[in-house]
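Notes for the one structure printed next.
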Amino acid sequence: MAKLIDGKETAKNIREELKKEVEELGLQPGLAVVLVGEDPASQVYVRNKEKACATTGIASFKHTLSAETTEEELLGVIKDLNSDDKVHGILVQLPLPKQINEHAIIEAIDPAKDVDGFHPFNVGRLTIGRPTYSSCTPFGIMELLKRYDIDIEGKDAVIVGRSNIVGKPMALMLLAKNATISICHSRTKNLDDKVRAADIVVAAVGRAEFVKGDWIKDGAIVIDVGINRTDNGLVGDVEFTEAEKRASYITPVPGGVGPMTIAMLLKNTVEAAKQSGK
Ligand code: NDP
């Protein structure tokens with residue numbers, strides 16, 4: 001039976017550590033959160049981010065814009081936040097309404113305030129192994145692996161999903177720790193065989209219980225990024241009850257990867273505040 005990786009408890013510990021760091025920092029880190037439109041899920045995410053900021057002593061500045069906001073208007077908001085000294089991190093909640101080009105917005109954020117780690121400058125630095133702001137979900141997964149003393153070096157890792165925010169940066173981070181990586185996606189052939197051979201499986205597909213329990217090799221480490229709302233509540237991308245019997249470690253959904261994402265956003269914001277003072 002696998003050991004559960006408790007993201008909720010780990011995220012709480014990280015928030016407590018950050019709170020102490022903030023108290024000793026000599027300036028208050030500030031995170032600007034920009035929400036465009038009224039997507040209910042985005043509203044929940046933004047509220048959770050504001051709450052988490054409050055518990056760690058980070059100032060949060062919320063900017064709520066209407067669903068009709070133009071790209072030019074949003075670029076204007078970003079420009080103001082880039083030059084605001086109280087703001088150390090800028091987060092634009094995705095997805096954006098269709099009239100706005102997501103790439104143009106991400107690229108307008110000052111890379112020094114890009115605490116989501118989505119700007120091409122920061123993605124490039126991650127690629128060449130330079131210090132950077134890393135995408136919060138894979139960064140949170142690396143932190144979980146570290147805090148559970150899980151050895152990565154030389155392991156075969158299979159990542160299912162190749163998004164810019166999860167799959168690709170996850171691959172780079174595991175590679176930097178000397179794992180051997182396969183990135184799988186919707187055109188991958190014999191996916192089940194690839195997963196069966198993996199020492200580490202990261203599932204970031206967005207389909208409930210897509211990765212079957214009997215695909216998991218005995219003793220594998222299973223990281224489930226998926227958040228799928230079903231009639232039975234929140235469900236991950238991995239068939240948990242079966243996978244748990246085979247894995248050595250597994251993240252539950254909810255309470256695994258999810259809480260870590262916001263904790264790492266706070267960590268990046270505190271780091272950005274520290275860097276601004278240098
Ligand atoms: P995307 O939709 O951007 O990417 C999904 C990936 O899964 C794509 O690369 C896609 O392949 C691949 N895929 C889809 N169908 C299949 C298939 N049949 N076989 C193999 N691969 C397939 O999702 P995200 O990366 O943004 O998110 C993934 C999941 O993680 C979602 O459930 C999301 O809610 C969750 N999530 C959780 C976070 C957290 O904080 N815990 C944060 C971010 C996301 P292709 O590229 O070929 O289309």
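Each chain of the structure tokens is named A, B, ... in the order shown, its residues numbered from 1; ligands are numbered from 1 in display order.
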Next on the checklist: Residues contacting ligand 1 - anything with an atom at most 9 Å away, using only C-alpha atoms and all ligand atoms - can you give me those as a ChimeraX atom specification?
Outcome noted: /A:136-138,140,160-168,183-189,191,203-208,210,224-229,235-237,253-254,256-262
Next on the checklist: Set the distance at 9 Å and use only C-alpha atoms: which residues neighbour Val22 of chain A once local chain neighbours fewer than 6 positions away are removed? I'd like the list as JSON, numbers by chain.
Outcome noted: {"A": [28, 29, 56, 57, 58, 270]}
Export N, CA, C and O atoms of the chosen residues as a PDB file, in the first residue's frame?
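After the write, result-v4.pdb holds the following:
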```
ATOM      1  N   GLN A  28       6.949  44.555   2.910  1.00  0.00           N
ATOM      2  CA  GLN A  28       5.826  43.635   2.729  1.00  0.00           C
ATOM      3  C   GLN A  28       5.724  43.215   1.259  1.00  0.00           C
ATOM      4  O   GLN A  28       5.533  44.063   0.378  1.00  0.00           O
ATOM      5  N   PRO A  29       5.854  41.904   0.996  1.00  0.00           N
ATOM      6  CA  PRO A  29       5.682  41.453  -0.387  1.00  0.00           C
ATOM      7  C   PRO A  29       4.252  41.736  -0.851  1.00  0.00           C
ATOM      8  O   PRO A  29       3.308  41.647  -0.055  1.00  0.00           O
ATOM      9  N   THR A  56      -0.088  34.682   5.171  1.00  0.00           N
ATOM     10  CA  THR A  56       1.384  34.734   5.214  1.00  0.00           C
ATOM     11  C   THR A  56       1.913  36.160   5.320  1.00  0.00           C
ATOM     12  O   THR A  56       3.125  36.371   5.291  1.00  0.00           O
ATOM     13  N   GLY A  57       1.024  37.131   5.418  1.00  0.00           N
ATOM     14  CA  GLY A  57       1.486  38.522   5.553  1.00  0.00           C
ATOM     15  C   GLY A  57       1.848  39.179   4.232  1.00  0.00           C
ATOM     16  O   GLY A  57       2.501  40.228   4.201  1.00  0.00           O
ATOM     17  N   ILE A  58       1.416  38.560   3.129  1.00  0.00           N
ATOM     18  CA  ILE A  58       1.647  39.161   1.802  1.00  0.00           C
ATOM     19  C   ILE A  58       0.442  40.048   1.477  1.00  0.00           C
ATOM     20  O   ILE A  58      -0.707  39.647   1.676  1.00  0.00           O
ATOM     21  N   VAL A 270       7.386  35.956  -2.418  1.00  0.00           N
ATOM     22  CA  VAL A 270       8.340  36.360  -1.371  1.00  0.00           C
ATOM     23  C   VAL A 270       9.740  36.487  -1.986  1.00  0.00           C
ATOM     24  O   VAL A 270      10.477  37.435  -1.703  1.00  0.00           O
TER      25      VAL A 270
END
```
Next on the checklist: Taking only segment 38-118 of chain A into account, list the residues labelled strand (DSSP E) by DSSP (computed from the backbone), as number ranges by chain.
Outcome noted: A: 59-65, 89-92
Go ahead and save the picked residues with C-alpha atoms, as a CSV table (one decimal), in the first residue's frame.
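This went into part_14.csv:
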```csv
chain,number,residue,atom,x,y,z
A,59,ALA,CA,-0.4,42.1,0.6
A,60,SER,CA,-2.8,41.2,-2.2
A,61,PHE,CA,-4.1,43.7,-4.7
A,62,LYS,CA,-7.1,42.5,-6.7
A,63,HIS,CA,-8.0,44.0,-10.0
A,64,THR,CA,-11.4,42.8,-11.3
A,65,LEU,CA,-12.1,43.8,-14.9
A,89,GLY,CA,4.4,39.6,-8.2
A,90,ILE,CA,1.7,39.8,-10.9
A,91,LEU,CA,-0.7,37.1,-11.6
A,92,VAL,CA,-3.2,37.2,-14.5
```
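If you count only C-alpha atoms and ignore residues fewer than 2 places along the chain from Val201 of chain A, what sits within 6 Å of it is Ala157, Val158, Ile159 and Val222 of chain A.
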Next on the checklist: Would you pick out the contacts of Thr55 of chain A at 9 Å or less, using only C-alpha atoms, so that residues sharing its chain but fewer than 5 positions from it are not included, and give the list as a list in words?
Outcome noted: Arg15, Glu16, Lys19 and Glu50 of chain A
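Reported to one decimal place, the separation of atom CA of Glu9 of chain A from atom CA of Val33 of chain A is 24.8 Å.
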Checklist entry - Near Ile109 of chain A, within 10 Å and counting only C-alpha atoms, which residues show up once chain neighbours fewer than 3 positions away are dropped, as a ChimeraX atom specification? => result /A:75,78-79,81-82,89-92,104-106,112-115,118-119
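Residues of segment 62-105 of chain A carrying a DSSP assignment of alpha helix (DSSP H), computed from the backbone, are Glu71, Glu72, Glu73, Leu74, Leu75, Gly76, Val77, Ile78, Lys79, Asp80, Leu81, Asn82, Glu102, His103, Ala104 and Ile105 of chain A.
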Suppose we keep N, CA and C atoms; can you now write the selection as a CSV table (one decimal), in the first residue's frame?
```csv
chain,number,residue,atom,x,y,z
A,71,GLU,N,-7.8,44.0,-25.1
A,71,GLU,CA,-6.4,43.6,-24.8
A,71,GLU,C,-5.6,44.9,-24.4
A,72,GLU,N,-5.9,46.0,-25.1
A,72,GLU,CA,-5.1,47.2,-24.9
A,72,GLU,C,-5.4,47.7,-23.4
A,73,GLU,N,-6.6,47.6,-23.0
A,73,GLU,CA,-6.9,48.0,-21.6
A,73,GLU,C,-6.1,47.1,-20.6
A,74,LEU,N,-6.1,45.8,-20.8
A,74,LEU,CA,-5.4,44.9,-19.9
A,74,LEU,C,-3.9,45.2,-20.0
A,75,LEU,N,-3.4,45.5,-21.1
A,75,LEU,CA,-2.0,45.8,-21.2
A,75,LEU,C,-1.6,47.0,-20.4
A,76,GLY,N,-2.6,48.0,-20.4
A,76,GLY,CA,-2.4,49.2,-19.6
A,76,GLY,C,-2.3,48.9,-18.1
A,77,VAL,N,-3.2,48.0,-17.7
A,77,VAL,CA,-3.2,47.6,-16.3
A,77,VAL,C,-1.8,46.9,-15.9
A,78,ILE,N,-1.4,46.0,-16.8
A,78,ILE,CA,-0.1,45.4,-16.6
A,78,ILE,C,1.1,46.4,-16.5
A,79,LYS,N,1.0,47.3,-17.4
A,79,LYS,CA,2.1,48.4,-17.4
A,79,LYS,C,2.1,49.1,-16.1
A,80,ASP,N,1.0,49.5,-15.6
A,80,ASP,CA,0.9,50.2,-14.3
A,80,ASP,C,1.5,49.3,-13.2
A,81,LEU,N,1.1,48.0,-13.2
A,81,LEU,CA,1.6,47.1,-12.1
A,81,LEU,C,3.1,46.8,-12.2
A,82,ASN,N,3.6,46.8,-13.5
A,82,ASN,CA,5.0,46.6,-13.7
A,82,ASN,C,5.8,47.7,-13.0
A,102,GLU,N,-3.6,35.7,-25.0
A,102,GLU,CA,-3.0,35.3,-23.7
A,102,GLU,C,-1.4,35.6,-23.7
A,103,HIS,N,-0.8,35.2,-24.9
A,103,HIS,CA,0.6,35.3,-25.0
A,103,HIS,C,1.1,36.8,-24.9
A,104,ALA,N,0.3,37.7,-25.5
A,104,ALA,CA,0.7,39.1,-25.5
A,104,ALA,C,0.6,39.6,-24.0
A,105,ILE,N,-0.3,39.1,-23.3
A,105,ILE,CA,-0.4,39.6,-21.9
A,105,ILE,C,0.7,39.0,-21.0
```
Need the shell around Glu153 of chain A: protein/DNA/RNA residues with any atom at most 6 Å away, counting only C-alpha atoms. Skip same-chain ones fewer than 3 positions apart. Format as an mmCIF file with N, CA and C atoms, in the first residue's frame?
```cif
data_model
loop_
_atom_site.group_PDB
_atom_site.id
_atom_site.type_symbol
_atom_site.label_atom_id
_atom_site.label_comp_id
_atom_site.auth_asym_id
_atom_site.auth_seq_id
_atom_site.Cartn_x
_atom_site.Cartn_y
_atom_site.Cartn_z
ATOM 1 N N LYS A 177 16.961 17.220 -12.282
ATOM 2 C CA LYS A 177 17.328 16.351 -11.148
ATOM 3 C C LYS A 177 17.736 14.962 -11.636
ATOM 4 N N ASN A 178 18.106 14.886 -12.911
ATOM 5 C CA ASN A 178 18.703 13.679 -13.488
ATOM 6 C C ASN A 178 17.769 12.476 -13.641
ATOM 7 N N ALA A 179 16.465 12.752 -13.803
ATOM 8 C CA ALA A 179 15.567 11.670 -14.222
ATOM 9 C C ALA A 179 15.661 11.551 -15.745
#
```
Excluding Ala247 of chain A and residues on its chain fewer than 2 positions from it, collect all residues at most 8 Å away from it, counting only C-alpha atoms, and give them as an mmCIF file with N, CA, C and O atoms, in the first residue's frame.
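In the end it all went to result_6.cif:
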```cif
data_model
loop_
_atom_site.group_PDB
_atom_site.id
_atom_site.type_symbol
_atom_site.label_atom_id
_atom_site.label_comp_id
_atom_site.auth_asym_id
_atom_site.auth_seq_id
_atom_site.Cartn_x
_atom_site.Cartn_y
_atom_site.Cartn_z
ATOM 1 N N MET A 1 0.848 -1.216 0.000
ATOM 2 C CA MET A 1 0.000 0.000 0.000
ATOM 3 C C MET A 1 0.876 1.257 0.000
ATOM 4 O O MET A 1 1.835 1.341 0.772
ATOM 5 N N ALA A 2 0.544 2.173 -0.857
ATOM 6 C CA ALA A 2 1.394 3.379 -1.006
ATOM 7 C C ALA A 2 1.322 4.291 0.211
ATOM 8 O O ALA A 2 0.323 4.323 0.923
ATOM 9 N N ILE A 216 0.203 0.904 -13.295
ATOM 10 C CA ILE A 216 1.244 1.388 -12.372
ATOM 11 C C ILE A 216 2.169 0.238 -11.980
ATOM 12 O O ILE A 216 1.709 -0.806 -11.495
ATOM 13 N N LYS A 217 3.466 0.469 -12.179
ATOM 14 C CA LYS A 217 4.464 -0.549 -11.803
ATOM 15 C C LYS A 217 4.548 -0.643 -10.279
ATOM 16 O O LYS A 217 4.417 0.384 -9.601
ATOM 17 N N ASP A 218 4.807 -1.821 -9.766
ATOM 18 C CA ASP A 218 4.970 -1.961 -8.304
ATOM 19 C C ASP A 218 6.070 -1.026 -7.811
ATOM 20 O O ASP A 218 7.169 -1.024 -8.370
ATOM 21 N N GLY A 219 5.762 -0.240 -6.807
ATOM 22 C CA GLY A 219 6.775 0.636 -6.213
ATOM 23 C C GLY A 219 6.928 1.989 -6.901
ATOM 24 O O GLY A 219 7.745 2.811 -6.476
ATOM 25 N N ALA A 220 6.148 2.246 -7.943
ATOM 26 C CA ALA A 220 6.273 3.533 -8.654
ATOM 27 C C ALA A 220 5.762 4.689 -7.787
ATOM 28 O O ALA A 220 5.003 4.493 -6.829
ATOM 29 N N ILE A 221 6.228 5.874 -8.143
ATOM 30 C CA ILE A 221 5.782 7.103 -7.466
ATOM 31 C C ILE A 221 4.738 7.743 -8.381
ATOM 32 O O ILE A 221 5.020 7.971 -9.570
ATOM 33 N N VAL A 222 3.565 8.014 -7.844
ATOM 34 C CA VAL A 222 2.461 8.487 -8.681
ATOM 35 C C VAL A 222 2.031 9.881 -8.240
ATOM 36 O O VAL A 222 1.651 10.092 -7.083
ATOM 37 N N ALA A 243 -4.375 2.215 -8.049
ATOM 38 C CA ALA A 243 -2.971 2.666 -8.136
ATOM 39 C C ALA A 243 -2.318 2.637 -6.756
ATOM 40 O O ALA A 243 -1.141 2.297 -6.615
ATOM 41 N N GLU A 244 -3.095 2.970 -5.749
ATOM 42 C CA GLU A 244 -2.578 3.035 -4.370
ATOM 43 C C GLU A 244 -2.021 1.678 -3.910
ATOM 44 O O GLU A 244 -1.083 1.611 -3.118
ATOM 45 N N LYS A 245 -2.610 0.595 -4.432
ATOM 46 C CA LYS A 245 -2.172 -0.748 -4.014
ATOM 47 C C LYS A 245 -0.787 -1.075 -4.555
ATOM 48 O O LYS A 245 -0.085 -1.918 -4.030
ATOM 49 N N TYR A 249 4.545 5.643 -3.384
ATOM 50 C CA TYR A 249 4.035 6.942 -2.932
ATOM 51 C C TYR A 249 2.971 7.384 -3.918
ATOM 52 O O TYR A 249 3.111 7.162 -5.124
ATOM 53 N N ILE A 250 1.957 8.087 -3.389
ATOM 54 C CA ILE A 250 0.920 8.609 -4.291
ATOM 55 C C ILE A 250 0.331 9.896 -3.707
ATOM 56 O O ILE A 250 0.242 10.038 -2.480
#
```
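Between Met142 of chain A and the residues A:Met264, A:Leu234, A:Ala198, A:Val87, the shortest atom-to-atom distance, using only C-alpha atoms, involves A:Met264.
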Checklist entry - What separation in Å, quoted to one decimal, exists between atom CA of Thr180 of chain A and atom CA of Phe139 of chain A? => result 17.8 Å
Next on the checklist: Between A:Ala272, A:Val211, A:Ala67, A:Leu144, which residue has the minimum interatomic distance to Pro95 of chain A, considering only C-alpha atoms?
Outcome noted: A:Ala67
